[in-house]
file query_36.cif (mmCIF, N, CA and C atoms)
data_run
loop_
_atom_site.label_atom_id
_atom_site.label_comp_id
_atom_site.auth_asym_id
_atom_site.auth_seq_id
_atom_site.Cartn_x
_atom_site.Cartn_y
_atom_site.Cartn_z
N MET Z 1 -4.75 -0.42 21.38
CA MET Z 1 -4.59 0.99 21.09
C MET Z 1 -5.32 1.32 19.79
N HIS Z 2 -5.69 2.52 19.67
CA HIS Z 2 -6.32 3.00 18.44
C HIS Z 2 -5.23 3.22 17.37
N GLU Z 3 -5.62 3.10 16.12
CA GLU Z 3 -4.71 3.28 15.00
C GLU Z 3 -3.93 4.59 15.09
N ALA Z 4 -4.60 5.66 15.44
CA ALA Z 4 -3.95 6.97 15.55
C ALA Z 4 -2.92 6.99 16.68
N ASP Z 5 -3.21 6.29 17.77
CA ASP Z 5 -2.26 6.22 18.88
C ASP Z 5 -1.00 5.47 18.48
N ILE Z 6 -1.18 4.40 17.71
CA ILE Z 6 -0.03 3.63 17.25
C ILE Z 6 0.83 4.47 16.30
N LEU Z 7 0.19 5.17 15.38
CA LEU Z 7 0.94 6.04 14.47
C LEU Z 7 1.66 7.15 15.23
N ALA Z 8 1.03 7.68 16.26
CA ALA Z 8 1.68 8.70 17.09
C ALA Z 8 2.91 8.12 17.79
N ALA Z 9 2.80 6.89 18.27
CA ALA Z 9 3.93 6.23 18.91
C ALA Z 9 5.06 6.02 17.92
N VAL Z 10 4.72 5.66 16.68
CA VAL Z 10 5.74 5.48 15.64
C VAL Z 10 6.45 6.81 15.38
N ARG Z 11 5.71 7.88 15.33
CA ARG Z 11 6.31 9.19 15.04
C ARG Z 11 7.24 9.66 16.14
N LYS Z 12 7.08 9.12 17.34
CA LYS Z 12 7.94 9.50 18.46
C LYS Z 12 9.25 8.71 18.49
N THR Z 13 9.39 7.73 17.58
CA THR Z 13 10.60 6.92 17.54
C THR Z 13 11.61 7.50 16.58
N GLN Z 14 12.77 6.87 16.52
CA GLN Z 14 13.80 7.28 15.56
C GLN Z 14 13.37 7.04 14.12
N PHE Z 15 12.41 6.16 13.91
CA PHE Z 15 11.97 5.82 12.56
C PHE Z 15 11.03 6.88 11.98
N ARG Z 16 10.15 7.40 12.80
CA ARG Z 16 9.18 8.45 12.46
C ARG Z 16 8.08 8.06 11.50
N PHE Z 17 8.34 7.16 10.56
CA PHE Z 17 7.33 6.79 9.56
C PHE Z 17 7.35 5.28 9.31
N LEU Z 18 6.21 4.74 8.91
CA LEU Z 18 6.09 3.30 8.66
C LEU Z 18 7.06 2.79 7.59
N PRO Z 19 7.29 3.50 6.50
CA PRO Z 19 8.23 2.98 5.49
C PRO Z 19 9.65 2.76 6.03
N ARG Z 20 10.06 3.57 6.98
CA ARG Z 20 11.39 3.38 7.57
C ARG Z 20 11.43 2.13 8.43
N ILE Z 21 10.33 1.84 9.11
CA ILE Z 21 10.24 0.59 9.87
C ILE Z 21 10.26 -0.59 8.90
N ALA Z 22 9.56 -0.45 7.79
CA ALA Z 22 9.52 -1.50 6.77
C ALA Z 22 10.92 -1.82 6.28
N GLU Z 23 11.71 -0.81 6.00
CA GLU Z 23 13.08 -1.01 5.53
C GLU Z 23 13.92 -1.72 6.58
N ARG Z 24 13.79 -1.29 7.82
CA ARG Z 24 14.62 -1.83 8.90
C ARG Z 24 14.30 -3.29 9.22
N TYR Z 25 13.00 -3.64 9.22
CA TYR Z 25 12.59 -4.97 9.65
C TYR Z 25 12.18 -5.90 8.52
N GLY Z 26 12.36 -5.47 7.28
CA GLY Z 26 12.09 -6.34 6.15
C GLY Z 26 10.64 -6.70 5.94
N VAL Z 27 9.77 -5.77 6.26
CA VAL Z 27 8.33 -5.95 6.09
C VAL Z 27 7.87 -4.87 5.12
N SER Z 28 6.87 -5.16 4.32
CA SER Z 28 6.41 -4.15 3.37
C SER Z 28 5.61 -3.05 4.09
N ASP Z 29 5.66 -1.88 3.52
CA ASP Z 29 4.91 -0.76 4.05
C ASP Z 29 3.41 -1.07 4.04
N THR Z 30 2.97 -1.77 3.02
CA THR Z 30 1.56 -2.16 2.91
C THR Z 30 1.15 -3.04 4.08
N GLN Z 31 2.01 -3.99 4.45
CA GLN Z 31 1.72 -4.86 5.59
C GLN Z 31 1.62 -4.06 6.88
N LEU Z 32 2.51 -3.10 7.03
CA LEU Z 32 2.48 -2.28 8.25
C LEU Z 32 1.19 -1.49 8.35
N ARG Z 33 0.77 -0.89 7.24
CA ARG Z 33 -0.49 -0.14 7.25
C ARG Z 33 -1.67 -1.06 7.50
N ALA Z 34 -1.63 -2.25 6.93
CA ALA Z 34 -2.72 -3.22 7.13
C ALA Z 34 -2.79 -3.67 8.59
N ALA Z 35 -1.64 -3.78 9.24
CA ALA Z 35 -1.60 -4.24 10.63
C ALA Z 35 -2.34 -3.29 11.57
N LEU Z 36 -2.49 -2.05 11.17
CA LEU Z 36 -3.22 -1.11 12.00
C LEU Z 36 -4.70 -1.45 12.06
N ARG Z 37 -5.19 -2.19 11.07
CA ARG Z 37 -6.62 -2.51 10.99
C ARG Z 37 -6.95 -3.99 11.13
N ARG Z 38 -6.00 -4.86 10.71
CA ARG Z 38 -6.27 -6.29 10.78
C ARG Z 38 -4.97 -7.04 11.09
N PRO Z 39 -5.08 -8.25 11.59
CA PRO Z 39 -3.89 -9.00 12.00
C PRO Z 39 -2.88 -9.21 10.87
N GLN Z 40 -1.64 -8.90 11.17
CA GLN Z 40 -0.49 -9.10 10.27
C GLN Z 40 0.69 -9.41 11.18
N LEU Z 41 0.97 -10.68 11.37
CA LEU Z 41 1.94 -11.13 12.36
C LEU Z 41 3.29 -10.41 12.27
N ALA Z 42 3.96 -10.48 11.14
CA ALA Z 42 5.30 -9.89 11.01
C ALA Z 42 5.26 -8.37 11.18
N ALA Z 43 4.25 -7.75 10.64
CA ALA Z 43 4.13 -6.30 10.74
C ALA Z 43 3.86 -5.86 12.17
N GLU Z 44 3.03 -6.59 12.88
CA GLU Z 44 2.74 -6.27 14.28
C GLU Z 44 4.02 -6.35 15.11
N ARG Z 45 4.80 -7.39 14.87
CA ARG Z 45 6.05 -7.54 15.61
C ARG Z 45 7.04 -6.42 15.28
N ALA Z 46 7.10 -6.03 14.02
CA ALA Z 46 8.00 -4.95 13.61
C ALA Z 46 7.62 -3.63 14.28
N ILE Z 47 6.34 -3.33 14.29
CA ILE Z 47 5.88 -2.09 14.93
C ILE Z 47 6.16 -2.13 16.43
N SER Z 48 5.94 -3.28 17.04
CA SER Z 48 6.20 -3.44 18.47
C SER Z 48 7.67 -3.21 18.78
N LYS Z 49 8.56 -3.80 17.99
CA LYS Z 49 10.00 -3.63 18.21
C LYS Z 49 10.41 -2.17 17.98
N ALA Z 50 9.90 -1.57 16.92
CA ALA Z 50 10.29 -0.20 16.59
C ALA Z 50 9.84 0.80 17.65
N THR Z 51 8.67 0.59 18.21
CA THR Z 51 8.15 1.52 19.21
C THR Z 51 8.53 1.14 20.63
N ASP Z 52 9.04 -0.07 20.79
CA ASP Z 52 9.39 -0.60 22.11
C ASP Z 52 8.16 -0.67 23.02
N ILE Z 53 7.02 -0.98 22.40
CA ILE Z 53 5.76 -1.17 23.13
C ILE Z 53 5.35 -2.62 22.94
N PRO Z 54 5.05 -3.34 24.03
CA PRO Z 54 4.67 -4.75 23.91
C PRO Z 54 3.45 -4.95 23.02
N LEU Z 55 3.42 -6.10 22.36
CA LEU Z 55 2.32 -6.43 21.46
C LEU Z 55 0.96 -6.36 22.16
N HIS Z 56 0.89 -6.85 23.40
CA HIS Z 56 -0.40 -6.88 24.10
C HIS Z 56 -0.90 -5.47 24.47
N VAL Z 57 -0.01 -4.50 24.49
CA VAL Z 57 -0.42 -3.13 24.75
C VAL Z 57 -0.93 -2.49 23.45
N LEU Z 58 -0.21 -2.73 22.36
CA LEU Z 58 -0.62 -2.19 21.06
C LEU Z 58 -1.94 -2.78 20.58
N TRP Z 59 -2.05 -4.11 20.70
CA TRP Z 59 -3.24 -4.81 20.21
C TRP Z 59 -3.75 -5.78 21.28
N PRO Z 60 -4.42 -5.28 22.30
CA PRO Z 60 -4.89 -6.15 23.39
C PRO Z 60 -5.92 -7.18 22.93
N ASP Z 61 -6.59 -6.91 21.83
CA ASP Z 61 -7.57 -7.87 21.32
C ASP Z 61 -6.91 -8.95 20.46
N ARG Z 62 -5.62 -8.79 20.14
CA ARG Z 62 -4.91 -9.76 19.31
C ARG Z 62 -3.85 -10.56 20.05
N TRP Z 63 -3.34 -10.01 21.17
CA TRP Z 63 -2.23 -10.63 21.90
C TRP Z 63 -2.51 -10.67 23.40
N SER Z 64 -2.10 -11.75 24.05
CA SER Z 64 -2.22 -11.85 25.51
C SER Z 64 -0.96 -11.26 26.14
N GLU Z 65 -1.01 -11.02 27.43
CA GLU Z 65 0.16 -10.51 28.14
C GLU Z 65 1.31 -11.51 28.11
N ALA Z 66 0.98 -12.79 27.97
CA ALA Z 66 2.00 -13.84 27.91
C ALA Z 66 2.64 -13.93 26.53
N GLY Z 67 2.19 -13.11 25.60
CA GLY Z 67 2.76 -13.12 24.26
C GLY Z 67 2.12 -14.13 23.33
N GLU Z 68 0.97 -14.64 23.70
CA GLU Z 68 0.27 -15.61 22.86
C GLU Z 68 -0.68 -14.88 21.92
N ARG Z 69 -0.76 -15.39 20.73
CA ARG Z 69 -1.64 -14.82 19.70
C ARG Z 69 -3.09 -15.19 20.03
N LEU Z 70 -3.98 -14.21 20.10
CA LEU Z 70 -5.38 -14.46 20.41
C LEU Z 70 -6.24 -14.59 19.16
N VAL Z 71 -5.73 -14.12 18.04
CA VAL Z 71 -6.48 -14.21 16.78
C VAL Z 71 -5.64 -14.94 15.75
N ARG Z 72 -6.30 -15.56 14.81
CA ARG Z 72 -5.61 -16.24 13.73
C ARG Z 72 -6.37 -15.95 12.45
N ARG Z 73 -5.69 -15.36 11.50
CA ARG Z 73 -6.30 -15.00 10.21
C ARG Z 73 -7.56 -14.17 10.39
N GLY Z 74 -7.53 -13.28 11.37
CA GLY Z 74 -8.64 -12.37 11.57
C GLY Z 74 -9.77 -12.91 12.41
N LEU Z 75 -9.68 -14.15 12.88
CA LEU Z 75 -10.75 -14.74 13.68
C LEU Z 75 -10.30 -14.87 15.12
N LYS Z 76 -11.14 -14.46 16.04
CA LYS Z 76 -10.79 -14.61 17.46
C LYS Z 76 -10.97 -16.06 17.86
N ARG Z 77 -10.08 -16.52 18.72
CA ARG Z 77 -10.18 -17.89 19.24
C ARG Z 77 -11.31 -17.96 20.25
N ALA Z 78 -11.91 -19.12 20.33
CA ALA Z 78 -12.96 -19.35 21.32
C ALA Z 78 -12.32 -19.37 22.71
N ALA Z 79 -13.01 -18.79 23.68
CA ALA Z 79 -12.47 -18.69 25.03
C ALA Z 79 -12.59 -19.97 25.79
#

call {"tool": "encode", "arguments": {"input": "query_36.cif", "output": "structure tokens"}}
result
Amino acid sequence: MHEADILAAVRKTQFRFLPRIAERYGVSDTQLRAALRRPQLAAERAISKATDIPLHVLWPDRWSEAGERLVRRGLKRAA
């Protein structure tokens, strides 16, 4: 999903804003904002839980449908 689509999904939840997700899931707001552009494991999981959207839908280039991480430290794994 595009960054704007993810933020729109967040706004449709009970949390409405990234800082509220940060408080609830114990992740910094900075990590959540960074996750929109680059891999941040804990932040990605927090956004996924808050929006109730699977990781592979939010970040298809980072997660497989089986829930496996496709990238590590910003590098894609070899196929």

call {"tool": "atom_distance", "arguments": {"input": "query_36.cif", "atom1": "atom CA of Leu7 of chain Z", "atom2": "atom CA of Thr51 of chain Z"}}
result
9.7 Å

call {"tool": "atom_distance", "arguments": {"input": "query_36.cif", "atom1": "atom CA of Ala8 of chain Z", "atom2": "atom N of Ala43 of chain Z"}}
result
17.9 Å

call {"tool": "select_by_dssp", "arguments": {"input": "query_36.cif", "residues": "segment 8-51 of chain Z", "states": "helix (DSSP H, G or I)", "output": "mmCIF file with N, CA and C atoms, in the frame of the given file"}}
result
data_model
loop_
_atom_site.group_PDB
_atom_site.id
_atom_site.type_symbol
_atom_site.label_atom_id
_atom_site.label_comp_id
_atom_site.auth_asym_id
_atom_site.auth_seq_id
_atom_site.Cartn_x
_atom_site.Cartn_y
_atom_site.Cartn_z
ATOM 1 N N ALA Z 8 1.030 7.680 16.260
ATOM 2 C CA ALA Z 8 1.680 8.700 17.090
ATOM 3 C C ALA Z 8 2.910 8.120 17.790
ATOM 4 N N ALA Z 9 2.800 6.890 18.270
ATOM 5 C CA ALA Z 9 3.930 6.230 18.910
ATOM 6 C C ALA Z 9 5.060 6.020 17.920
ATOM 7 N N VAL Z 10 4.720 5.660 16.680
ATOM 8 C CA VAL Z 10 5.740 5.480 15.640
ATOM 9 C C VAL Z 10 6.450 6.810 15.380
ATOM 10 N N ARG Z 11 5.710 7.880 15.330
ATOM 11 C CA ARG Z 11 6.310 9.190 15.040
ATOM 12 C C ARG Z 11 7.240 9.660 16.140
ATOM 13 N N LEU Z 18 6.210 4.740 8.910
ATOM 14 C CA LEU Z 18 6.090 3.300 8.660
ATOM 15 C C LEU Z 18 7.060 2.790 7.590
ATOM 16 N N PRO Z 19 7.290 3.500 6.500
ATOM 17 C CA PRO Z 19 8.230 2.980 5.490
ATOM 18 C C PRO Z 19 9.650 2.760 6.030
ATOM 19 N N ARG Z 20 10.060 3.570 6.980
ATOM 20 C CA ARG Z 20 11.390 3.380 7.570
ATOM 21 C C ARG Z 20 11.430 2.130 8.430
ATOM 22 N N ILE Z 21 10.330 1.840 9.110
ATOM 23 C CA ILE Z 21 10.240 0.590 9.870
ATOM 24 C C ILE Z 21 10.260 -0.590 8.900
ATOM 25 N N ALA Z 22 9.560 -0.450 7.790
ATOM 26 C CA ALA Z 22 9.520 -1.500 6.770
ATOM 27 C C ALA Z 22 10.920 -1.820 6.280
ATOM 28 N N GLU Z 23 11.710 -0.810 6.000
ATOM 29 C CA GLU Z 23 13.080 -1.010 5.530
ATOM 30 C C GLU Z 23 13.920 -1.720 6.580
ATOM 31 N N ARG Z 24 13.790 -1.290 7.820
ATOM 32 C CA ARG Z 24 14.620 -1.830 8.900
ATOM 33 C C ARG Z 24 14.300 -3.290 9.220
ATOM 34 N N TYR Z 25 13.000 -3.640 9.220
ATOM 35 C CA TYR Z 25 12.590 -4.970 9.650
ATOM 36 C C TYR Z 25 12.180 -5.900 8.520
ATOM 37 N N ASP Z 29 5.660 -1.880 3.520
ATOM 38 C CA ASP Z 29 4.910 -0.760 4.050
ATOM 39 C C ASP Z 29 3.410 -1.070 4.040
ATOM 40 N N THR Z 30 2.970 -1.770 3.020
ATOM 41 C CA THR Z 30 1.560 -2.160 2.910
ATOM 42 C C THR Z 30 1.150 -3.040 4.080
ATOM 43 N N GLN Z 31 2.010 -3.990 4.450
ATOM 44 C CA GLN Z 31 1.720 -4.860 5.590
ATOM 45 C C GLN Z 31 1.620 -4.060 6.880
ATOM 46 N N LEU Z 32 2.510 -3.100 7.030
ATOM 47 C CA LEU Z 32 2.480 -2.280 8.250
ATOM 48 C C LEU Z 32 1.190 -1.490 8.350
ATOM 49 N N ARG Z 33 0.770 -0.890 7.240
ATOM 50 C CA ARG Z 33 -0.490 -0.140 7.250
ATOM 51 C C ARG Z 33 -1.670 -1.060 7.500
ATOM 52 N N ALA Z 34 -1.630 -2.250 6.930
ATOM 53 C CA ALA Z 34 -2.720 -3.220 7.130
ATOM 54 C C ALA Z 34 -2.790 -3.670 8.590
ATOM 55 N N ALA Z 35 -1.640 -3.780 9.240
ATOM 56 C CA ALA Z 35 -1.600 -4.240 10.630
ATOM 57 C C ALA Z 35 -2.340 -3.290 11.570
ATOM 58 N N LEU Z 41 0.970 -10.680 11.370
ATOM 59 C CA LEU Z 41 1.940 -11.130 12.360
ATOM 60 C C LEU Z 41 3.290 -10.410 12.270
ATOM 61 N N ALA Z 42 3.960 -10.480 11.140
ATOM 62 C CA ALA Z 42 5.300 -9.890 11.010
ATOM 63 C C ALA Z 42 5.260 -8.370 11.180
ATOM 64 N N ALA Z 43 4.250 -7.750 10.640
ATOM 65 C CA ALA Z 43 4.130 -6.300 10.740
ATOM 66 C C ALA Z 43 3.860 -5.860 12.170
ATOM 67 N N GLU Z 44 3.030 -6.590 12.880
ATOM 68 C CA GLU Z 44 2.740 -6.270 14.280
ATOM 69 C C GLU Z 44 4.020 -6.350 15.110
ATOM 70 N N ARG Z 45 4.800 -7.390 14.870
ATOM 71 C CA ARG Z 45 6.050 -7.540 15.610
ATOM 72 C C ARG Z 45 7.040 -6.420 15.280
ATOM 73 N N ALA Z 46 7.100 -6.030 14.020
ATOM 74 C CA ALA Z 46 8.000 -4.950 13.610
ATOM 75 C C ALA Z 46 7.620 -3.630 14.280
ATOM 76 N N ILE Z 47 6.340 -3.330 14.290
ATOM 77 C CA ILE Z 47 5.880 -2.090 14.930
ATOM 78 C C ILE Z 47 6.160 -2.130 16.430
ATOM 79 N N SER Z 48 5.940 -3.280 17.040
ATOM 80 C CA SER Z 48 6.200 -3.440 18.470
ATOM 81 C C SER Z 48 7.670 -3.210 18.780
ATOM 82 N N LYS Z 49 8.560 -3.800 17.990
ATOM 83 C CA LYS Z 49 10.000 -3.630 18.210
ATOM 84 C C LYS Z 49 10.410 -2.170 17.980
ATOM 85 N N ALA Z 50 9.900 -1.570 16.920
ATOM 86 C CA ALA Z 50 10.290 -0.200 16.590
ATOM 87 C C ALA Z 50 9.840 0.800 17.650
ATOM 88 N N THR Z 51 8.670 0.590 18.210
ATOM 89 C CA THR Z 51 8.150 1.520 19.210
ATOM 90 C C THR Z 51 8.530 1.140 20.630
#

call {"tool": "atom_distance", "arguments": {"input": "query_36.cif", "atom1": "atom C of Val57 of chain Z", "atom2": "atom N of His2 of chain Z"}}
result
7.9 Å

call {"tool": "residues_around", "arguments": {"input": "query_36.cif", "residues": "Ala46 of chain Z", "least_positions_apart": "5", "cutoff": "7 Å", "atoms": "only N, CA and C atoms", "output": "PyMOL selection string"}}
result
chain Z and resi 21+25+41+51

call {"tool": "closest_residue", "arguments": {"input": "query_36.cif", "among": "Z:Leu55, Z:Glu65, Z:Arg37, Z:Lys49", "to": "Arg24 of chain Z", "atoms": "only C-alpha atoms"}}
result
Z:Lys49

call {"tool": "select_by_dssp", "arguments": {"input": "query_36.cif", "residues": "chain Z", "states": "strand (DSSP E)", "output": "PyMOL selection string"}}
result
chain Z and resi 71-72+75-76

call {"tool": "write_last_selection", "arguments": {"input": "query_36.cif", "atoms": "N, CA and C atoms", "output": "PDB file, in the coordinates of the input"}}
result
ATOM      1  N   VAL Z  71      -5.730 -14.120  18.040  1.00  0.00           N
ATOM      2  CA  VAL Z  71      -6.480 -14.210  16.780  1.00  0.00           C
ATOM      3  C   VAL Z  71      -5.640 -14.940  15.750  1.00  0.00           C
ATOM      4  N   ARG Z  72      -6.300 -15.560  14.810  1.00  0.00           N
ATOM      5  CA  ARG Z  72      -5.610 -16.240  13.730  1.00  0.00           C
ATOM      6  C   ARG Z  72      -6.370 -15.950  12.450  1.00  0.00           C
ATOM      7  N   LEU Z  75      -9.680 -14.150  12.880  1.00  0.00           N
ATOM      8  CA  LEU Z  75     -10.750 -14.740  13.680  1.00  0.00           C
ATOM      9  C   LEU Z  75     -10.300 -14.870  15.120  1.00  0.00           C
ATOM     10  N   LYS Z  76     -11.140 -14.460  16.040  1.00  0.00           N
ATOM     11  CA  LYS Z  76     -10.790 -14.610  17.460  1.00  0.00           C
ATOM     12  C   LYS Z  76     -10.970 -16.060  17.860  1.00  0.00           C
TER      13      LYS Z  76
END

call {"tool": "build_atoms", "arguments": {"input": "query_36.cif", "residues": "segment 37-48 of chain Z", "atoms": "all heavy atoms", "output": "compact mmCIF listing (two decimals), in the frame of the given file"}}
result
# COMPACT_ATOMS: atom_id res chain seq x y z
N ARG Z 37 -5.19 -2.19 11.07
CA ARG Z 37 -6.62 -2.51 10.99
C ARG Z 37 -6.95 -3.99 11.13
O ARG Z 37 -8.03 -4.34 11.56
CB ARG Z 37 -7.18 -2.01 9.67
CG ARG Z 37 -7.14 -0.51 9.56
CD ARG Z 37 -8.02 -0.01 8.45
NE ARG Z 37 -8.07 1.44 8.48
CZ ARG Z 37 -7.36 2.21 7.67
NH1 ARG Z 37 -6.59 1.68 6.76
NH2 ARG Z 37 -7.47 3.51 7.75
N ARG Z 38 -6.00 -4.86 10.71
CA ARG Z 38 -6.27 -6.29 10.78
C ARG Z 38 -4.97 -7.04 11.09
O ARG Z 38 -3.89 -6.50 10.89
CB ARG Z 38 -6.89 -6.79 9.48
CG ARG Z 38 -6.06 -6.62 8.27
CD ARG Z 38 -6.80 -7.10 7.01
NE ARG Z 38 -5.95 -6.97 5.85
CZ ARG Z 38 -5.82 -5.88 5.12
NH1 ARG Z 38 -6.53 -4.80 5.43
NH2 ARG Z 38 -5.02 -5.85 4.09
N PRO Z 39 -5.08 -8.25 11.59
CA PRO Z 39 -3.89 -9.00 12.00
C PRO Z 39 -2.88 -9.21 10.87
O PRO Z 39 -3.24 -9.63 9.77
CB PRO Z 39 -4.46 -10.34 12.45
CG PRO Z 39 -5.86 -10.05 12.84
CD PRO Z 39 -6.31 -8.98 11.89
N GLN Z 40 -1.64 -8.90 11.17
CA GLN Z 40 -0.49 -9.10 10.27
C GLN Z 40 0.69 -9.41 11.18
O GLN Z 40 1.34 -8.50 11.70
CB GLN Z 40 -0.20 -7.83 9.46
CG GLN Z 40 -1.29 -7.40 8.53
CD GLN Z 40 -1.36 -8.26 7.30
OE1 GLN Z 40 -0.35 -8.74 6.81
NE2 GLN Z 40 -2.56 -8.47 6.80
N LEU Z 41 0.97 -10.68 11.37
CA LEU Z 41 1.94 -11.13 12.36
C LEU Z 41 3.29 -10.41 12.27
O LEU Z 41 3.73 -9.79 13.24
CB LEU Z 41 2.14 -12.64 12.25
CG LEU Z 41 3.10 -13.27 13.24
CD1 LEU Z 41 2.60 -13.08 14.66
CD2 LEU Z 41 3.27 -14.75 12.94
N ALA Z 42 3.96 -10.48 11.14
CA ALA Z 42 5.30 -9.89 11.01
C ALA Z 42 5.26 -8.37 11.18
O ALA Z 42 6.14 -7.79 11.82
CB ALA Z 42 5.90 -10.25 9.66
N ALA Z 43 4.25 -7.75 10.64
CA ALA Z 43 4.13 -6.30 10.74
C ALA Z 43 3.86 -5.86 12.17
O ALA Z 43 4.41 -4.86 12.64
CB ALA Z 43 3.03 -5.81 9.81
N GLU Z 44 3.03 -6.59 12.88
CA GLU Z 44 2.74 -6.27 14.28
C GLU Z 44 4.02 -6.35 15.11
O GLU Z 44 4.29 -5.47 15.93
CB GLU Z 44 1.69 -7.21 14.84
CG GLU Z 44 0.31 -6.99 14.26
CD GLU Z 44 -0.68 -8.08 14.65
OE1 GLU Z 44 -0.38 -8.88 15.55
OE2 GLU Z 44 -1.75 -8.12 14.03
N ARG Z 45 4.80 -7.39 14.87
CA ARG Z 45 6.05 -7.54 15.61
C ARG Z 45 7.04 -6.42 15.28
O ARG Z 45 7.72 -5.92 16.16
CB ARG Z 45 6.66 -8.90 15.32
CG ARG Z 45 5.91 -10.02 15.98
CD ARG Z 45 6.56 -11.35 15.76
NE ARG Z 45 5.88 -12.38 16.54
CZ ARG Z 45 5.87 -13.66 16.24
NH1 ARG Z 45 6.52 -14.08 15.18
NH2 ARG Z 45 5.23 -14.52 17.00
N ALA Z 46 7.10 -6.03 14.02
CA ALA Z 46 8.00 -4.95 13.61
C ALA Z 46 7.62 -3.63 14.28
O ALA Z 46 8.48 -2.91 14.78
CB ALA Z 46 7.99 -4.80 12.09
N ILE Z 47 6.34 -3.33 14.29
CA ILE Z 47 5.88 -2.09 14.93
C ILE Z 47 6.16 -2.13 16.43
O ILE Z 47 6.61 -1.15 17.02
CB ILE Z 47 4.37 -1.85 14.65
CG1 ILE Z 47 4.17 -1.54 13.17
CG2 ILE Z 47 3.83 -0.72 15.53
CD1 ILE Z 47 2.70 -1.52 12.74
N SER Z 48 5.94 -3.28 17.04
CA SER Z 48 6.20 -3.44 18.47
C SER Z 48 7.67 -3.21 18.78
O SER Z 48 8.02 -2.49 19.72
CB SER Z 48 5.76 -4.82 18.93
OG SER Z 48 6.10 -5.03 20.27
